[in-house]
file entry_29.cif (mmCIF, C-alpha atoms)
data_upload
#
loop_
_atom_site.group_PDB
_atom_site.id
_atom_site.type_symbol
_atom_site.label_atom_id
_atom_site.label_comp_id
_atom_site.auth_asym_id
_atom_site.auth_seq_id
_atom_site.Cartn_x
_atom_site.Cartn_y
_atom_site.Cartn_z
ATOM 1 C CA MET B 11 17.749 -78.485 -11.465
ATOM 2 C CA ALA B 12 17.364 -74.901 -10.153
ATOM 3 C CA ILE B 13 17.892 -75.952 -6.540
ATOM 4 C CA ALA B 14 21.107 -77.768 -7.321
ATOM 5 C CA SER B 15 22.579 -75.044 -9.526
ATOM 6 C CA THR B 16 21.830 -72.251 -7.054
ATOM 7 C CA SER B 17 23.321 -74.153 -4.115
ATOM 8 C CA ALA B 18 26.318 -75.115 -6.216
ATOM 9 C CA ASP B 19 26.918 -71.472 -7.100
ATOM 10 C CA ALA B 20 26.940 -70.515 -3.427
ATOM 11 C CA ALA B 21 29.417 -73.252 -2.506
ATOM 12 C CA THR B 22 31.615 -72.494 -5.521
ATOM 13 C CA ASP B 23 31.734 -68.799 -4.698
ATOM 14 C CA ILE B 24 32.966 -69.558 -1.184
ATOM 15 C CA GLN B 25 35.617 -71.970 -2.391
ATOM 16 C CA ALA B 26 36.809 -69.796 -5.279
ATOM 17 C CA SER B 27 37.211 -66.641 -3.231
ATOM 18 C CA ASN B 28 38.777 -68.556 -0.331
ATOM 19 C CA LYS B 29 36.740 -66.324 1.987
ATOM 20 C CA SER B 30 33.596 -66.595 4.022
ATOM 21 C CA ALA B 31 30.486 -64.783 2.836
ATOM 22 C CA THR B 32 30.526 -62.467 5.821
ATOM 23 C CA PRO B 33 30.751 -58.841 4.576
ATOM 24 C CA ALA B 34 34.386 -57.946 4.069
ATOM 25 C CA ASP B 35 34.160 -54.808 6.180
ATOM 26 C CA LEU B 36 32.467 -56.523 9.141
ATOM 27 C CA ASN B 37 34.732 -56.874 12.146
ATOM 28 C CA ILE B 38 33.558 -59.643 14.486
ATOM 29 C CA ARG B 39 34.855 -58.459 17.824
ATOM 30 C CA PRO B 40 34.246 -59.888 21.287
ATOM 31 C CA ARG B 41 32.960 -57.227 23.670
ATOM 32 C CA ASN B 42 33.904 -58.488 27.098
ATOM 33 C CA ARG B 43 30.851 -57.178 28.943
ATOM 34 C CA HIS B 44 30.169 -58.026 32.580
ATOM 35 C CA PHE B 45 26.691 -58.300 34.060
ATOM 36 C CA SER B 46 27.354 -60.602 37.005
ATOM 37 C CA ASN B 47 26.304 -57.871 39.454
ATOM 38 C CA ALA B 48 23.140 -57.077 37.502
ATOM 39 C CA MET B 49 20.629 -58.453 39.962
ATOM 40 C CA ILE B 50 17.129 -59.220 38.725
ATOM 41 C CA GLU B 51 15.229 -56.529 40.588
ATOM 42 C CA ARG B 52 11.832 -58.145 40.132
ATOM 43 C CA ARG B 53 10.667 -61.554 38.965
ATOM 44 C CA ARG B 54 8.746 -59.985 36.096
ATOM 45 C CA TRP B 55 11.693 -57.898 34.966
ATOM 46 C CA VAL B 56 10.285 -57.171 31.477
ATOM 47 C CA GLY B 57 8.018 -54.320 32.485
ATOM 48 C CA GLY B 58 6.046 -56.488 34.905
ATOM 49 C CA ASP B 59 4.923 -58.762 32.058
ATOM 50 C CA PRO B 60 5.016 -62.380 33.283
ATOM 51 C CA TYR B 61 4.867 -63.830 29.763
ATOM 52 C CA ALA B 62 7.688 -61.761 28.277
ATOM 53 C CA SER B 63 9.808 -62.351 31.376
ATOM 54 C CA ALA B 64 9.202 -66.105 31.245
ATOM 55 C CA PHE B 65 9.963 -66.160 27.504
ATOM 56 C CA PHE B 66 13.392 -64.576 27.868
ATOM 57 C CA ASN B 67 14.134 -66.474 31.078
ATOM 58 C CA ALA B 68 13.437 -69.780 29.331
ATOM 59 C CA LEU B 69 15.642 -68.688 26.442
ATOM 60 C CA SER B 70 18.485 -67.729 28.770
ATOM 61 C CA VAL B 71 18.505 -71.146 30.420
ATOM 62 C CA THR B 72 19.429 -72.708 27.066
ATOM 63 C CA PHE B 73 22.445 -70.482 26.435
ATOM 64 C CA PRO B 74 25.239 -71.899 28.643
ATOM 65 C CA ALA B 75 24.848 -75.487 27.409
ATOM 66 C CA GLY B 76 23.870 -74.479 23.883
ATOM 67 C CA GLU B 77 26.694 -72.041 23.302
ATOM 68 C CA THR B 78 29.247 -74.450 24.743
ATOM 69 C CA PHE B 79 28.042 -76.933 22.149
ATOM 70 C CA PHE B 80 28.301 -74.334 19.355
ATOM 71 C CA ILE B 81 31.902 -73.645 20.344
ATOM 72 C CA GLU B 82 32.735 -77.351 20.256
ATOM 73 C CA SER B 83 31.063 -77.743 16.870
ATOM 74 C CA VAL B 84 32.839 -75.006 14.930
ATOM 75 C CA LYS B 85 36.174 -75.492 16.689
ATOM 76 C CA LYS B 86 36.496 -78.961 15.127
ATOM 77 C CA PHE B 87 36.630 -77.382 11.669
ATOM 78 C CA ARG B 88 38.786 -74.336 12.359
ATOM 79 C CA LYS B 89 41.963 -75.783 10.842
ATOM 80 C CA ARG B 90 40.119 -76.946 7.713
ATOM 81 C CA VAL B 91 38.891 -73.553 6.513
ATOM 82 C CA PRO B 92 40.555 -70.522 4.849
ATOM 83 C CA PRO B 93 42.460 -68.012 7.014
ATOM 84 C CA LYS B 94 39.742 -65.341 7.058
ATOM 85 C CA LEU B 95 37.152 -67.829 8.219
ATOM 86 C CA GLN B 96 39.596 -69.153 10.823
ATOM 87 C CA GLN B 97 39.773 -65.658 12.298
ATOM 88 C CA GLU B 98 36.003 -65.364 12.277
ATOM 89 C CA ILE B 99 35.648 -68.709 14.025
ATOM 90 C CA ARG B 100 38.084 -67.560 16.690
ATOM 91 C CA ALA B 101 36.050 -64.388 17.278
ATOM 92 C CA PHE B 102 32.816 -66.437 17.239
ATOM 93 C CA ILE B 103 34.211 -68.740 19.928
ATOM 94 C CA GLN B 104 35.253 -65.818 22.101
ATOM 95 C CA GLN B 105 31.879 -64.133 21.771
ATOM 96 C CA GLU B 106 29.981 -67.323 22.580
ATOM 97 C CA ALA B 107 32.207 -68.050 25.586
ATOM 98 C CA ILE B 108 31.390 -64.629 27.018
ATOM 99 C CA HIS B 109 27.678 -65.089 26.301
ATOM 100 C CA SER B 110 27.715 -68.430 28.102
ATOM 101 C CA ARG B 111 29.459 -66.890 31.099
ATOM 102 C CA GLU B 112 27.066 -63.961 31.404
ATOM 103 C CA HIS B 113 23.914 -66.020 30.984
ATOM 104 C CA HIS B 114 25.175 -68.460 33.572
ATOM 105 C CA CYS B 115 25.193 -65.472 35.951
ATOM 106 C CA PHE B 116 21.736 -64.405 34.764
ATOM 107 C CA ASN B 117 20.442 -67.917 35.380
ATOM 108 C CA ASP B 118 21.924 -67.893 38.877
ATOM 109 C CA HIS B 119 19.950 -64.719 39.537
ATOM 110 C CA LEU B 120 16.818 -66.548 38.382
ATOM 111 C CA LYS B 121 17.521 -69.138 41.062
ATOM 112 C CA ASP B 122 17.906 -66.314 43.566
ATOM 113 C CA CYS B 123 14.365 -65.297 42.590
ATOM 114 C CA ASP B 124 13.239 -68.787 43.664
ATOM 115 C CA PHE B 125 12.806 -70.151 40.154
ATOM 116 C CA ASP B 126 13.605 -73.835 39.778
ATOM 117 C CA ILE B 127 15.278 -74.096 36.374
ATOM 118 C CA SER B 128 16.572 -77.651 36.803
ATOM 119 C CA ARG B 129 13.924 -79.156 34.506
ATOM 120 C CA LEU B 130 14.734 -76.625 31.786
ATOM 121 C CA GLU B 131 18.458 -77.304 32.161
ATOM 122 C CA GLN B 132 17.870 -81.039 31.961
ATOM 123 C CA ALA B 133 15.797 -80.607 28.809
ATOM 124 C CA ILE B 134 18.482 -78.623 26.946
ATOM 125 C CA ASN B 135 21.206 -81.005 28.117
ATOM 126 C CA THR B 136 19.193 -83.957 26.794
ATOM 127 C CA VAL B 137 18.834 -82.294 23.389
ATOM 128 C CA VAL B 138 22.492 -81.295 23.170
ATOM 129 C CA ASN B 139 23.774 -84.686 24.286
ATOM 130 C CA GLY B 140 21.519 -86.359 21.737
ATOM 131 C CA ILE B 141 23.087 -84.315 18.951
ATOM 132 C CA ARG B 142 26.555 -85.079 20.314
ATOM 133 C CA MET B 143 25.893 -88.757 19.593
ATOM 134 C CA ARG B 144 25.855 -87.956 15.876
ATOM 135 C CA SER B 145 28.620 -87.038 13.416
ATOM 136 C CA GLU B 146 30.647 -83.819 13.505
ATOM 137 C CA TYR B 147 28.791 -82.710 10.366
ATOM 138 C CA ALA B 148 25.507 -83.107 12.235
ATOM 139 C CA HIS B 149 26.961 -80.996 15.050
ATOM 140 C CA LEU B 150 27.820 -78.247 12.570
ATOM 141 C CA ALA B 151 24.447 -78.466 10.808
ATOM 142 C CA ALA B 152 22.601 -78.150 14.121
ATOM 143 C CA THR B 153 24.775 -75.198 15.112
ATOM 144 C CA MET B 154 24.144 -73.509 11.757
ATOM 145 C CA CYS B 155 20.381 -73.878 12.171
ATOM 146 C CA ILE B 156 20.191 -72.715 15.792
ATOM 147 C CA GLU B 157 22.478 -69.789 15.029
ATOM 148 C CA HIS B 158 19.996 -68.675 12.365
ATOM 149 C CA ILE B 159 17.104 -68.899 14.822
ATOM 150 C CA THR B 160 19.078 -66.970 17.420
ATOM 151 C CA ALA B 161 20.116 -64.301 14.912
ATOM 152 C CA ILE B 162 16.591 -63.605 13.691
ATOM 153 C CA LEU B 163 15.337 -63.370 17.280
ATOM 154 C CA ALA B 164 18.228 -61.014 18.002
ATOM 155 C CA ALA B 165 17.305 -58.811 15.057
ATOM 156 C CA GLU B 166 13.703 -58.734 16.204
ATOM 157 C CA VAL B 167 14.433 -57.636 19.780
ATOM 158 C CA ILE B 168 16.727 -54.829 18.594
ATOM 159 C CA ALA B 169 14.515 -53.631 15.737
ATOM 160 C CA ASN B 170 11.346 -53.645 17.825
ATOM 161 C CA PRO B 171 11.862 -51.430 20.914
ATOM 162 C CA ALA B 172 8.622 -52.716 22.444
ATOM 163 C CA HIS B 173 10.382 -55.874 23.626
ATOM 164 C CA PHE B 174 12.632 -54.181 26.195
ATOM 165 C CA GLU B 175 11.454 -50.581 26.483
ATOM 166 C CA THR B 176 10.014 -51.232 29.959
ATOM 167 C CA ALA B 177 12.560 -53.849 31.052
ATOM 168 C CA ASP B 178 14.931 -53.380 33.966
ATOM 169 C CA ASP B 179 17.927 -51.388 32.739
ATOM 170 C CA HIS B 180 20.620 -53.917 33.585
ATOM 171 C CA GLN B 181 18.798 -56.772 31.904
ATOM 172 C CA ARG B 182 17.977 -54.654 28.848
ATOM 173 C CA LYS B 183 21.671 -53.895 28.387
ATOM 174 C CA LEU B 184 22.552 -57.587 28.722
ATOM 175 C CA TRP B 185 20.077 -58.678 26.046
ATOM 176 C CA LEU B 186 20.850 -55.864 23.606
ATOM 177 C CA TRP B 187 24.580 -56.595 23.860
ATOM 178 C CA HIS B 188 24.017 -60.318 23.323
ATOM 179 C CA ALA B 189 21.656 -59.703 20.425
ATOM 180 C CA SER B 190 24.093 -57.413 18.620
ATOM 181 C CA GLU B 191 26.837 -60.044 18.706
ATOM 182 C CA GLU B 192 24.482 -62.784 17.528
ATOM 183 C CA ILE B 193 23.782 -60.690 14.439
ATOM 184 C CA GLU B 194 27.454 -59.922 13.978
ATOM 185 C CA HIS B 195 28.562 -63.565 13.834
ATOM 186 C CA LYS B 196 25.423 -64.979 12.214
ATOM 187 C CA GLY B 197 27.248 -66.155 9.074
ATOM 188 C CA VAL B 198 30.184 -67.953 10.684
ATOM 189 C CA ALA B 199 28.693 -71.419 11.216
ATOM 190 C CA TYR B 200 26.931 -71.226 7.852
ATOM 191 C CA ASP B 201 30.118 -70.288 5.994
ATOM 192 C CA THR B 202 31.943 -73.102 7.761
ATOM 193 C CA TRP B 203 29.226 -75.486 6.594
ATOM 194 C CA LEU B 204 29.505 -74.254 2.991
ATOM 195 C CA HIS B 205 33.249 -74.767 2.994
ATOM 196 C CA VAL B 206 33.451 -78.203 4.590
ATOM 197 C CA THR B 207 30.603 -79.586 2.436
ATOM 198 C CA ARG B 208 31.898 -78.083 -0.817
ATOM 199 C CA ASP B 209 32.517 -81.593 -2.221
ATOM 200 C CA TRP B 210 28.990 -82.758 -1.463
ATOM 201 C CA SER B 211 26.367 -82.657 -4.182
ATOM 202 C CA PRO B 212 24.445 -79.370 -4.030
ATOM 203 C CA LEU B 213 21.152 -81.193 -3.652
ATOM 204 C CA LYS B 214 22.482 -83.180 -0.692
ATOM 205 C CA CYS B 215 23.664 -79.975 1.021
ATOM 206 C CA TRP B 216 20.285 -78.359 0.554
ATOM 207 C CA LEU B 217 18.317 -81.379 1.743
ATOM 208 C CA VAL B 218 20.490 -81.916 4.821
ATOM 209 C CA ARG B 219 20.340 -78.324 6.020
ATOM 210 C CA CYS B 220 16.602 -78.063 5.378
ATOM 211 C CA SER B 221 15.807 -81.327 7.138
ATOM 212 C CA PHE B 222 17.876 -80.236 10.134
ATOM 213 C CA MET B 223 16.130 -76.877 10.268
ATOM 214 C CA ALA B 224 12.675 -78.449 10.067
ATOM 215 C CA LYS B 225 13.422 -80.702 13.035
ATOM 216 C CA ILE B 226 15.254 -78.091 15.068
ATOM 217 C CA SER B 227 12.734 -75.285 14.573
ATOM 218 C CA PHE B 228 9.908 -77.605 15.659
ATOM 219 C CA GLY B 229 11.888 -78.813 18.676
ATOM 220 C CA PHE B 230 12.953 -75.278 19.576
ATOM 221 C CA THR B 231 9.352 -74.026 19.561
ATOM 222 C CA LYS B 232 8.026 -76.993 21.521
ATOM 223 C CA ASN B 233 10.758 -76.981 24.157
ATOM 224 C CA ARG B 234 10.751 -73.208 24.676
ATOM 225 C CA ALA B 235 6.965 -73.284 25.106
ATOM 226 C CA LYS B 236 7.317 -76.036 27.716
ATOM 227 C CA GLY B 237 9.994 -74.029 29.492
ATOM 228 C CA VAL B 238 7.883 -70.861 29.498
ATOM 229 C CA LEU B 239 4.875 -72.741 30.885
ATOM 230 C CA ASP B 240 7.056 -74.279 33.608
ATOM 231 C CA LEU B 241 8.293 -70.844 34.697
ATOM 232 C CA LEU B 242 4.799 -69.336 34.490
ATOM 233 C CA ARG B 243 3.491 -72.101 36.738
ATOM 234 C CA GLN B 244 6.137 -71.167 39.295
ATOM 235 C CA ASP B 245 4.967 -67.561 38.966
ATOM 236 C CA GLY B 246 1.400 -68.513 39.844
ATOM 237 C CA ILE B 247 0.021 -68.722 36.299
ATOM 238 C CA SER B 248 -1.126 -72.103 34.975
ATOM 239 C CA GLY B 249 -3.790 -73.870 32.963
ATOM 240 C CA PRO B 250 -5.749 -72.085 30.211
ATOM 241 C CA ARG B 251 -4.595 -68.689 31.479
ATOM 242 C CA ALA B 252 -0.962 -69.638 30.905
ATOM 243 C CA TRP B 253 -1.605 -71.123 27.469
ATOM 244 C CA PHE B 254 -3.709 -68.181 26.310
ATOM 245 C CA GLY B 255 -1.248 -65.640 27.695
ATOM 246 C CA LEU B 256 1.691 -67.327 25.969
ATOM 247 C CA PHE B 257 -0.242 -67.560 22.704
ATOM 248 C CA GLN B 258 -1.195 -63.885 22.890
ATOM 249 C CA TYR B 259 2.368 -62.802 23.701
ATOM 250 C CA ALA B 260 4.180 -64.998 21.160
ATOM 251 C CA LEU B 261 1.819 -64.633 18.210
ATOM 252 C CA ILE B 262 -0.432 -61.581 18.642
ATOM 253 C CA GLY B 263 1.025 -58.922 20.944
ATOM 254 C CA LYS B 264 4.775 -58.368 20.863
ATOM 255 C CA ALA B 265 4.767 -61.601 18.852
ATOM 256 C CA PRO B 266 8.433 -62.675 18.734
ATOM 257 C CA PHE B 267 7.459 -65.970 17.085
ATOM 258 C CA ARG B 268 5.090 -64.530 14.495
ATOM 259 C CA ARG B 269 7.431 -61.687 13.590
ATOM 260 C CA THR B 270 10.353 -64.069 13.008
ATOM 261 C CA LEU B 271 8.425 -66.672 11.013
ATOM 262 C CA TRP B 272 9.241 -65.194 7.601
ATOM 263 C CA PRO B 273 12.989 -64.801 8.324
ATOM 264 C CA LEU B 274 12.963 -68.402 9.554
ATOM 265 C CA LEU B 275 11.370 -69.650 6.334
ATOM 266 C CA GLN B 276 14.048 -67.852 4.308
ATOM 267 C CA PHE B 277 16.475 -70.527 5.471
ATOM 268 C CA PHE B 278 14.738 -73.078 3.232
ATOM 269 C CA LYS B 279 15.303 -70.994 0.106
ATOM 270 C CA PRO B 280 17.851 -72.456 -2.365
ATOM 271 C CA GLY B 281 20.937 -70.292 -2.368
ATOM 272 C CA PHE B 282 20.104 -68.803 1.040
ATOM 273 C CA HIS B 283 22.798 -67.115 3.083
ATOM 274 C CA PRO B 284 22.326 -65.378 6.478
ATOM 275 C CA TRP B 285 23.829 -62.163 5.108
ATOM 276 C CA ASP B 286 21.195 -61.955 2.367
ATOM 277 C CA ILE B 287 19.765 -59.492 4.894
ATOM 278 C CA ASP B 288 22.430 -56.975 5.820
ATOM 279 C CA ASP B 289 21.249 -55.824 9.242
ATOM 280 C CA ARG B 290 24.522 -54.419 10.520
ATOM 281 C CA ALA B 291 22.669 -51.184 11.288
ATOM 282 C CA LEU B 292 20.959 -53.070 14.120
ATOM 283 C CA ILE B 293 24.354 -53.787 15.690
ATOM 284 C CA GLN B 294 25.080 -50.058 15.727
ATOM 285 C CA LEU B 295 21.606 -49.346 17.082
ATOM 286 C CA ALA B 296 22.049 -51.812 19.951
ATOM 287 C CA GLU B 297 25.506 -50.414 20.687
ATOM 288 C CA SER B 298 24.193 -46.858 20.799
ATOM 289 C CA LYS B 299 21.397 -47.856 23.166
ATOM 290 C CA TYR B 300 23.872 -49.744 25.328
ATOM 291 C CA GLU B 301 26.359 -46.879 25.480
ATOM 292 C CA ALA B 302 23.575 -44.400 26.265
ATOM 293 C CA ALA B 303 22.517 -46.609 29.159
ATOM 294 C CA ILE B 304 26.110 -46.836 30.391
ATOM 295 C CA MET B 305 26.281 -43.033 30.586
ATOM 296 C CA GLU B 306 23.450 -43.114 33.109
ATOM 297 C CA GLN B 307 25.430 -45.249 35.566
ATOM 298 C CA GLU B 308 26.897 -43.827 38.702
ATOM 299 C CA PRO B 309 30.616 -42.872 38.670
ATOM 300 C CA GLY B 310 32.942 -45.618 39.778
ATOM 301 C CA HIS B 311 31.126 -48.488 38.085
ATOM 302 C CA ALA B 312 33.823 -48.840 35.422
ATOM 303 C CA ALA B 313 36.536 -48.936 38.066
ATOM 304 C CA THR B 314 34.685 -51.674 39.911
ATOM 305 C CA ALA B 315 34.258 -53.762 36.763
ATOM 306 C CA ALA B 316 37.863 -53.396 35.559
ATOM 307 C CA PRO B 317 39.401 -56.164 37.713
ATOM 308 C CA LYS B 318 36.779 -58.600 36.416
ATOM 309 C CA ARG B 319 37.656 -57.770 32.833
ATOM 310 C CA LEU B 320 41.312 -58.475 33.492
ATOM 311 C CA ALA B 321 40.595 -61.710 35.336
ATOM 312 C CA SER B 322 38.525 -63.107 32.473
ATOM 313 C CA ARG B 323 41.058 -62.589 29.676
ATOM 314 C CA ASP B 324 42.867 -65.866 30.267
ATOM 315 C CA ARG B 325 39.582 -67.799 30.147
ATOM 316 C CA LEU B 326 38.733 -66.236 26.783
ATOM 317 C CA LYS B 327 42.130 -67.126 25.365
ATOM 318 C CA LYS B 328 41.706 -70.735 26.460
ATOM 319 C CA ALA B 329 38.229 -70.932 24.902
ATOM 320 C CA ALA B 330 39.557 -69.732 21.539
#
call {"tool": "encode", "arguments": {"input": "entry_29.cif", "output": "structure tokens"}}
result
Amino acid sequence: MAIASTSADAATDIQASNKSATPADLNIRPRNRHFSNAMIERRRWVGGDPYASAFFNALSVTFPAGETFFIESVKKFRKRVPPKLQQEIRAFIQQEAIHSREHHCFNDHLKDCDFDISRLEQAINTVVNGIRMRSEYAHLAATMCIEHITAILAAEVIANPAHFETADDHQRKLWLWHASEEIEHKGVAYDTWLHVTRDWSPLKCWLVRCSFMAKISFGFTKNRAKGVLDLLRQDGISGPRAWFGLFQYALIGKAPFRRTLWPLLQFFKPGFHPWDIDDRALIQLAESKYEAAIMEQEPGHAATAAPKRLASRDRLKKAA
């Protein structure tokens, strides 16, 4: 069977080389950025667009709980994988811990803008806790799928400048930094999955990952839409206007959902691997945009941020 042979080849390659499929010259490195003082200057911080702002706000609310779960999931397998993949898992954990920390601050700023995000937080906690009730392999499969969704969204927001070109500077830097690291570690959970399921039948591996992705992508779309509509309602937009505006934004205008549909469907291809698309150039692009924005800051900002960087090092070590 073509499906079985292709999947078997992928698993065999990982096992035989004793390495992950992440490009050999890719260095997954945690960038300990700090955005806790980056106040949200206006509720509609994405260029005054209520729909884009609500979309990214709803996404941010999922990150602290979601990324904590991702850390738990891959950490269980760290001692069972080859040394190179162990190092990548460690870097993945550090990156995700920093992301969780910074989006917790972002979400606090949403509360300062009088958004009630408790319903959105409850929704993501319900989903995560439901997955926690299942096996450790289910935890890893869910992580692998959500990491793919996150990575393709990350690639989209970097590759398409329209998403953040009119956003508040501080928030633009936060999202570009986060997106670049999501691309950088996009193969870690998948490579861990390939290694720990190497004794499974290839058809079983393919069916399990595809069934998980089908459920998770549907749930992700439904729950993010509900979250966006909740935030829009708090911003004075409800009913048909909210639904039409969300539809126009997500599928017609800037269209983050439409533009990521094809990369999402690639996951179902036999023999798929996240690094089939080598988009490391987007990491460099995001970094260059970030560094250019840093140069515009007033003198003394780096000195102010330095104590925070030092204070957070111990937390990162504990997470990894």
call {"tool": "closest_residue", "arguments": {"input": "entry_29.cif", "among": "B:His180, B:Arg234, B:Arg142, B:Lys214", "to": "Phe66 (chain B)", "atoms": "all atoms listed in the file"}}
result
B:Arg234
call {"tool": "residues_around", "arguments": {"input": "entry_29.cif", "residues": "region 126-128 of chain B", "least_positions_apart": "5", "cutoff": "9 Å", "atoms": "only C-alpha atoms", "output": "count of residues only"}}
result
10
call {"tool": "atom_distance", "arguments": {"input": "entry_29.cif", "atom1": "CA of Gln132 (chain B)", "atom2": "CA of Lys264 (chain B)"}}
result
28.4 Å
call {"tool": "closest_residue", "arguments": {"input": "entry_29.cif", "among": "B:Lys94, B:Lys196, B:Arg144, B:Arg129", "to": "Glu106 (chain B)", "atoms": "only C-alpha atoms"}}
result
B:Lys196
call {"tool": "resolve_selection", "arguments": {"input": "entry_29.cif", "expression": "the PyMOL selection byres ((chain B and resi 189) around 8)", "output": "number ranges by chain"}}
result
B: 161, 163-165, 167-168, 185-188, 190-193, 296
call {"tool": "closest_residue", "arguments": {"input": "entry_29.cif", "among": "B:Arg100, B:Arg53, B:Arg111, B:Arg182", "to": "Thr78 (chain B)", "atoms": "all atoms listed in the file"}}
result
B:Arg111
call {"tool": "atom_distance", "arguments": {"input": "entry_29.cif", "atom1": "CA of Phe65 (chain B)", "atom2": "CA of Gln258 (chain B)"}}
result
12.3 Å
call {"tool": "residues_around", "arguments": {"input": "entry_29.cif", "residues": "Cys115 (chain B)", "least_positions_apart": "2", "cutoff": "10 Å", "atoms": "all atoms listed in the file", "output": "PyMOL selection string"}}
result
chain B and resi 44-49+74+109-113+117-121
call {"tool": "residues_near_point", "arguments": {"input": "entry_29.cif", "point": "(6.2, -64.8, 33.2)", "cutoff": "7 Å", "atoms": "all atoms listed in the file", "output": "list of chain:residue names"}}
result
B:Arg54, B:Asp59, B:Pro60, B:Tyr61, B:Ala62, B:Ser63, B:Ala64, B:Phe65, B:Leu241, B:Leu242, B:Asp245
call {"tool": "decode", "arguments": {"input": "entry_29.cif", "residues": "region 56-61 of chain B", "atoms": "all heavy atoms", "output": "PDB file, in the first residue's frame"}}
result
ATOM      1  N   VAL B  56      -4.873  46.391  16.026  1.00  0.00           N
ATOM      2  CA  VAL B  56      -4.435  46.034  14.669  1.00  0.00           C
ATOM      3  C   VAL B  56      -5.008  47.060  13.693  1.00  0.00           C
ATOM      4  O   VAL B  56      -6.013  46.824  13.010  1.00  0.00           O
ATOM      5  CB  VAL B  56      -4.863  44.606  14.286  1.00  0.00           C
ATOM      6  CG1 VAL B  56      -4.264  44.226  12.928  1.00  0.00           C
ATOM      7  CG2 VAL B  56      -4.427  43.601  15.325  1.00  0.00           C
ATOM      8  N   GLY B  57      -4.405  48.221  13.675  1.00  0.00           N
ATOM      9  CA  GLY B  57      -4.787  49.250  12.717  1.00  0.00           C
ATOM     10  C   GLY B  57      -6.216  49.723  12.853  1.00  0.00           C
ATOM     11  O   GLY B  57      -6.802  50.187  11.863  1.00  0.00           O
ATOM     12  N   GLY B  58      -6.814  49.612  14.030  1.00  0.00           N
ATOM     13  CA  GLY B  58      -8.193  50.017  14.219  1.00  0.00           C
ATOM     14  C   GLY B  58      -9.215  49.009  13.720  1.00  0.00           C
ATOM     15  O   GLY B  58     -10.428  49.269  13.759  1.00  0.00           O
ATOM     16  N   ASP B  59      -8.759  47.867  13.257  1.00  0.00           N
ATOM     17  CA  ASP B  59      -9.649  46.828  12.716  1.00  0.00           C
ATOM     18  C   ASP B  59     -10.175  45.970  13.869  1.00  0.00           C
ATOM     19  O   ASP B  59      -9.407  45.245  14.504  1.00  0.00           O
ATOM     20  CB  ASP B  59      -8.867  45.955  11.732  1.00  0.00           C
ATOM     21  CG  ASP B  59      -9.741  44.914  11.044  1.00  0.00           C
ATOM     22  OD1 ASP B  59     -10.831  44.613  11.544  1.00  0.00           O
ATOM     23  OD2 ASP B  59      -9.308  44.382  10.002  1.00  0.00           O
ATOM     24  N   PRO B  60     -11.468  46.016  14.149  1.00  0.00           N
ATOM     25  CA  PRO B  60     -11.995  45.239  15.277  1.00  0.00           C
ATOM     26  C   PRO B  60     -11.926  43.733  15.047  1.00  0.00           C
ATOM     27  O   PRO B  60     -11.765  42.967  16.003  1.00  0.00           O
ATOM     28  CB  PRO B  60     -13.457  45.701  15.393  1.00  0.00           C
ATOM     29  CG  PRO B  60     -13.809  46.187  14.023  1.00  0.00           C
ATOM     30  CD  PRO B  60     -12.543  46.780  13.475  1.00  0.00           C
ATOM     31  N   TYR B  61     -12.021  43.302  13.795  1.00  0.00           N
ATOM     32  CA  TYR B  61     -12.046  41.870  13.499  1.00  0.00           C
ATOM     33  C   TYR B  61     -10.649  41.260  13.594  1.00  0.00           C
ATOM     34  O   TYR B  61     -10.474  40.183  14.190  1.00  0.00           O
ATOM     35  CB  TYR B  61     -12.658  41.640  12.112  1.00  0.00           C
ATOM     36  CG  TYR B  61     -14.039  42.209  12.014  1.00  0.00           C
ATOM     37  CD1 TYR B  61     -14.262  43.444  11.395  1.00  0.00           C
ATOM     38  CD2 TYR B  61     -15.130  41.554  12.580  1.00  0.00           C
ATOM     39  CE1 TYR B  61     -15.537  43.990  11.339  1.00  0.00           C
ATOM     40  CE2 TYR B  61     -16.407  42.097  12.521  1.00  0.00           C
ATOM     41  CZ  TYR B  61     -16.600  43.311  11.906  1.00  0.00           C
ATOM     42  OH  TYR B  61     -17.860  43.864  11.860  1.00  0.00           O
TER      43      TYR B  61
END
